[in-house]
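Engineer: Sharing a structure with you now.
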Amino acid sequence: MTPAELSRTVLDAVRRAVDAGELSVDLPERVTVTEPGPGGCGDFATNVALRLARPAGLPPLRVAGILRARLLDAEGVDDVVVTGPGFLNITLRARDEILTGLVREIRERGTEYGHGDALAGRTVVLRVPYEVRAEVVADAVARLVATQGGRAEIEHGEPVNLRPVPAPEDPAPLGPDAARWALLHPAPHDRPRITADHLVQREINPLFRVRYAHARVRALTRNARDLGFAAEPGDLHLGSAGYADTAGAGVPRSGVHAASAVCSAGGVAARQGAGDVGNAGTGEPGYVAHAASAVAVRSAVGAPAGSGTGDPGPGTHKAGNLGPAAPAPSAEPHPGHQPPGASHPTTATPAEPHPHPHPLQTPLTDHPRILATAATDHAPDRLARHLLAVADALLPLLPEVLPVGEEKPTAAHRARLALAEAAGAVLAGGLSLLGIDAPEHL
């Protein structure tokens, strides 16, 4: 079951509860499902019960209980646990199929994966000052609005309703791509940095990591074709921990130790494993922090020619400190979150431990929500940070896509290539929405 299918399943549970007279509410247009947050458990979580509680005139926990009973009868749902004030935490029967289904969905939709109808039929008027950053942000917002079925009109004049902090100097010397990234990546209230750092071809440059990850995927597709195989979604055969060890480095697969998530008697997920970092802030609610080690990422970013990661890479990249400091996490409550000191409303029998999800699963799953949020909140910076999360989760996978030495292509190689191409499609589509080129070569 893909996230989109689960969303429709939850929406159907709401519809059945309304038809049975258990809930008296207008059927929501859509239901969002995300990875469980801190204190959550299972495969996905949703806050639909909290959204419907006020119009239904019932406590959130009562609404959650009604929907839980309906969801337990749904095909593909193994268990549902209520945590916090009324979050529904859903465990699917075939966890291994989640990522495969997600990859199939992305491959079917290509760069249009995540497009929706949140703004269908609406005209969004953007009034901006005559200033370069405001113009660039408005252009990106207009593109995002179109992905959600709306139409944007950009005007100049008062009252201004889109006024990001202006750039301190002309970004044109950076070139079109780096200039747009420099203006769009920071939050609108932050002053952008117009510096040569945006041109550095090393992993310390966020834009380079995003574009490099996309270019490497394109290279892997060409190399796989030369080797006589193509992408096919399926089992990655990477084990419960993710990626293979980096040669001679002793890096755990994916850099994330095997972790188990168990719904305890209080409905709280107990995460085990020395390397499990939980849901550390990564800029958007719903992200499980990608804990891949610096060595694993550098092996993909700075891989020399002949390393098995695709076309010969730049080869001059030196290891540096990876990644910018994570933005402050959203204050919005996240599905599955258990506030400190909150009572535990639901008693659940402990479930069998689940393997830690693949590091790419969360950001790929969250892509439709990010696009909708960025469009409705006029915040292209959220998409920029999201693309960086996708790239950083993708880079450690790349050395494992192609056969090495005398190894023959297997179903696992085809599945890894399919996953890499799905992530590449998300990167290409996102960069296009920001008005930035997604290169075939870099």
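Residue numbers start at 1 in each chain; chains themselves are named A, B, ... in the order of the structure tokens; ligands are numbered from 1 in the order shown.
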Applying 10 Å and only C-alpha atoms, which residues near Val48 in chain A remain after dropping the ones on its own chain fewer than 3 positions away? List them as a PyMOL selection string.
Structural biologist: chain A and resi 10-11+14+28+30-33+45+51-53+60+63-64+67+86-88+335
Engineer: If you measure from CA of Leu6 in chain A to CA of Arg107 in chain A, what distance in Å do you get, rounded to one decimal?
Structural biologist: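 Distance reported for this atom pair: 18.3 Å.
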Engineer: Take CA of Val141 in chain A and CA of Leu126 in chain A and report the distance between them in Å, one decimal.
Structural biologist: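 We find that CA of Val141 in chain A and CA of Leu126 in chain A lie 8.7 Å from each other.
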Engineer: Write out as a ChimeraX atom specification the residues lying within 7 Å of range 214-227 of chain A, counting only C-alpha atoms and excluding same-chain residues fewer than 2 positions away.
Structural biologist: /A:210-212,229-230,309-311,402,420-421,424,427-428,438-442
Engineer: Can you tell me, as a PyMOL selection string, what residues are no more than 8 Å from Asp43 in chain A when counting only C-alpha atoms, ignoring any on the same chain fewer than 2 positions away?
Structural biologist: chain A and resi 35-36+41+45+89-92+95
Engineer: Residues at most 9 Å from Leu434 in chain A, counting only C-alpha atoms, excluding those fewer than 4 positions away in the same chain, as a PyMOL selection string?
Structural biologist: chain A and resi 136-137+139-141+143-144+180-181+184+380+383-384+429-430
Engineer: Could you find all residues in range 3-240 of chain A that DSSP calls strand (DSSP E) from the backbone, and write them as a list in words?
Structural biologist: Phe44, Ala45, Thr46, Val77, Asp78, Asp79, Val80, Val81, Val82, Thr83, Phe87, Leu88, Asn89, Ile90, Thr91, Leu92, Thr123, Val124, Val125, Leu126, Arg127, Val128, Arg151, Ala152, Glu153, Ile154, Glu155 and His156 of chain A
Engineer: Generate a file of the selected residues that holds N, CA and C atoms, formatted as a JSON list (two decimals), in the first residue's frame.
Structural biologist:
[["chain", "number", "residue", "atom", "x", "y", "z"],
["A", 44, "PHE", "N", 2.87, 4.71, 9.48],
["A", 44, "PHE", "CA", 2.41, 6.05, 9.14],
["A", 44, "PHE", "C", 1.52, 6.58, 10.27],
["A", 45, "ALA", "N", 1.34, 7.89, 10.27],
["A", 45, "ALA", "CA", 0.46, 8.52, 11.26],
["A", 45, "ALA", "C", -0.33, 9.63, 10.59],
["A", 46, "THR", "N", -1.48, 9.95, 11.16],
["A", 46, "THR", "CA", -2.31, 11.03, 10.63],
["A", 46, "THR", "C", -2.99, 11.76, 11.78],
["A", 77, "VAL", "N", -4.24, -3.08, 6.45],
["A", 77, "VAL", "CA", -3.94, -2.46, 7.74],
["A", 77, "VAL", "C", -3.82, -3.55, 8.79],
["A", 78, "ASP", "N", -2.69, -3.58, 9.48],
["A", 78, "ASP", "CA", -2.45, -4.61, 10.49],
["A", 78, "ASP", "C", -2.88, -4.14, 11.88],
["A", 79, "ASP", "N", -2.60, -2.88, 12.21],
["A", 79, "ASP", "CA", -2.94, -2.38, 13.54],
["A", 79, "ASP", "C", -3.02, -0.86, 13.50],
["A", 80, "VAL", "N", -3.77, -0.30, 14.41],
["A", 80, "VAL", "CA", -3.90, 1.15, 14.56],
["A", 80, "VAL", "C", -3.82, 1.47, 16.04],
["A", 81, "VAL", "N", -2.94, 2.37, 16.41],
["A", 81, "VAL", "CA", -2.75, 2.77, 17.81],
["A", 81, "VAL", "C", -2.97, 4.27, 17.91],
["A", 82, "VAL", "N", -3.70, 4.68, 18.93],
["A", 82, "VAL", "CA", -3.94, 6.11, 19.18],
["A", 82, "VAL", "C", -2.92, 6.60, 20.19],
["A", 83, "THR", "N", -2.22, 7.68, 19.86],
["A", 83, "THR", "CA", -1.26, 8.27, 20.79],
["A", 83, "THR", "C", -1.55, 9.75, 20.96],
["A", 87, "PHE", "N", -3.72, 11.18, 17.76],
["A", 87, "PHE", "CA", -3.05, 10.79, 16.53],
["A", 87, "PHE", "C", -3.29, 9.31, 16.25],
["A", 88, "LEU", "N", -3.54, 8.99, 15.01],
["A", 88, "LEU", "CA", -3.72, 7.60, 14.59],
["A", 88, "LEU", "C", -2.41, 7.10, 14.00],
["A", 89, "ASN", "N", -1.84, 6.07, 14.61],
["A", 89, "ASN", "CA", -0.59, 5.46, 14.14],
["A", 89, "ASN", "C", -0.94, 4.14, 13.49],
["A", 90, "ILE", "N", -0.61, 4.01, 12.21],
["A", 90, "ILE", "CA", -1.08, 2.88, 11.41],
["A", 90, "ILE", "C", 0.09, 1.98, 11.04],
["A", 91, "THR", "N", -0.07, 0.70, 11.30],
["A", 91, "THR", "CA", 0.91, -0.31, 10.89],
["A", 91, "THR", "C", 0.32, -1.12, 9.76],
["A", 92, "LEU", "N", 1.05, -1.23, 8.67],
["A", 92, "LEU", "CA", 0.59, -1.99, 7.51],
["A", 92, "LEU", "C", 1.05, -3.44, 7.59],
["A", 123, "THR", "N", -7.49, 31.35, -7.75],
["A", 123, "THR", "CA", -6.54, 32.30, -8.29],
["A", 123, "THR", "C", -5.84, 33.00, -7.13],
["A", 124, "VAL", "N", -4.53, 32.87, -7.07],
["A", 124, "VAL", "CA", -3.74, 33.44, -5.99],
["A", 124, "VAL", "C", -3.06, 34.71, -6.51],
["A", 125, "VAL", "N", -3.36, 35.84, -5.90],
["A", 125, "VAL", "CA", -2.77, 37.12, -6.31],
["A", 125, "VAL", "C", -1.55, 37.40, -5.43],
["A", 126, "LEU", "N", -0.40, 37.55, -6.07],
["A", 126, "LEU", "CA", 0.84, 37.85, -5.36],
["A", 126, "LEU", "C", 1.24, 39.28, -5.69],
["A", 127, "ARG", "N", 1.18, 40.15, -4.69],
["A", 127, "ARG", "CA", 1.59, 41.55, -4.88],
["A", 127, "ARG", "C", 2.97, 41.74, -4.25],
["A", 128, "VAL", "N", 3.95, 42.06, -5.06],
["A", 128, "VAL", "CA", 5.33, 42.12, -4.61],
["A", 128, "VAL", "C", 5.95, 43.48, -4.94],
["A", 151, "ARG", "N", -3.89, 28.96, -9.96],
["A", 151, "ARG", "CA", -3.27, 29.90, -10.89],
["A", 151, "ARG", "C", -2.84, 31.12, -10.11],
["A", 152, "ALA", "N", -1.63, 31.57, -10.37],
["A", 152, "ALA", "CA", -1.10, 32.73, -9.64],
["A", 152, "ALA", "C", -0.98, 33.93, -10.58],
["A", 153, "GLU", "N", -1.31, 35.10, -10.06],
["A", 153, "GLU", "CA", -1.14, 36.36, -10.78],
["A", 153, "GLU", "C", -0.17, 37.22, -9.98],
["A", 154, "ILE", "N", 0.90, 37.67, -10.63],
["A", 154, "ILE", "CA", 1.92, 38.48, -9.96],
["A", 154, "ILE", "C", 1.69, 39.94, -10.32],
["A", 155, "GLU", "N", 1.52, 40.76, -9.28],
["A", 155, "GLU", "CA", 1.27, 42.18, -9.47],
["A", 155, "GLU", "C", 2.27, 42.99, -8.65],
["A", 156, "HIS", "N", 2.38, 44.26, -9.00],
["A", 156, "HIS", "CA", 3.20, 45.19, -8.24],
["A", 156, "HIS", "C", 2.32, 46.32, -7.72]]
Engineer: So what do you get for CA of Val165 in chain A versus CA of Arg133 in chain A, distance-wise?
Structural biologist: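 Interatomic distance here is 7.8 Å.
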Engineer: Return the single residue from A:Ala74, A:Met1, A:Ala379, A:Ile204 that is closest to Leu183 in chain A, with distances computed using only C-alpha atoms.
Structural biologist: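 Comparing A:Ala74, A:Met1, A:Ala379, A:Ile204 against Leu183 in chain A, the winner is A:Ala379.
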Engineer: Using only C-alpha atoms, find the one residue out of A:Val160, A:Leu72, A:Ile98, A:Leu174 that sits nearest to Pro357 in chain A.
Structural biologist: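 Counting only C-alpha atoms, the residue closest to Pro357 in chain A is A:Ile98.
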Engineer: Please provide as a list in words all residues within 6 Å of Leu417 in chain A, with the sequence filter that same-chain residues fewer than 3 positions apart are discarded (counting only C-alpha atoms).
Structural biologist: Ala231, Val401, Arg414 and Ala420 of chain A
Engineer: Near Pro173 in chain A, within 10 Å and counting only C-alpha atoms, which residues show up once chain neighbours fewer than 2 positions away are dropped, as an MDAnalysis selection string?
Structural biologist: chainID A and resid 170:171 175:176 178:179 194:196
Engineer: Mind writing the picked residues with C-alpha atoms as a CSV table (one decimal), in the first residue's frame?
Structural biologist:
chain,number,residue,atom,x,y,z
A,170,ASP,CA,22.9,41.9,-6.8
A,171,PRO,CA,23.0,38.0,-7.1
A,175,GLY,CA,24.8,32.8,-12.5
A,176,PRO,CA,21.1,32.0,-12.8
A,178,ALA,CA,23.1,29.6,-8.0
A,179,ALA,CA,21.5,33.0,-7.8
A,194,ILE,CA,25.2,36.4,-1.9
A,195,THR,CA,28.6,34.7,-1.7
A,196,ALA,CA,30.8,32.5,-3.8
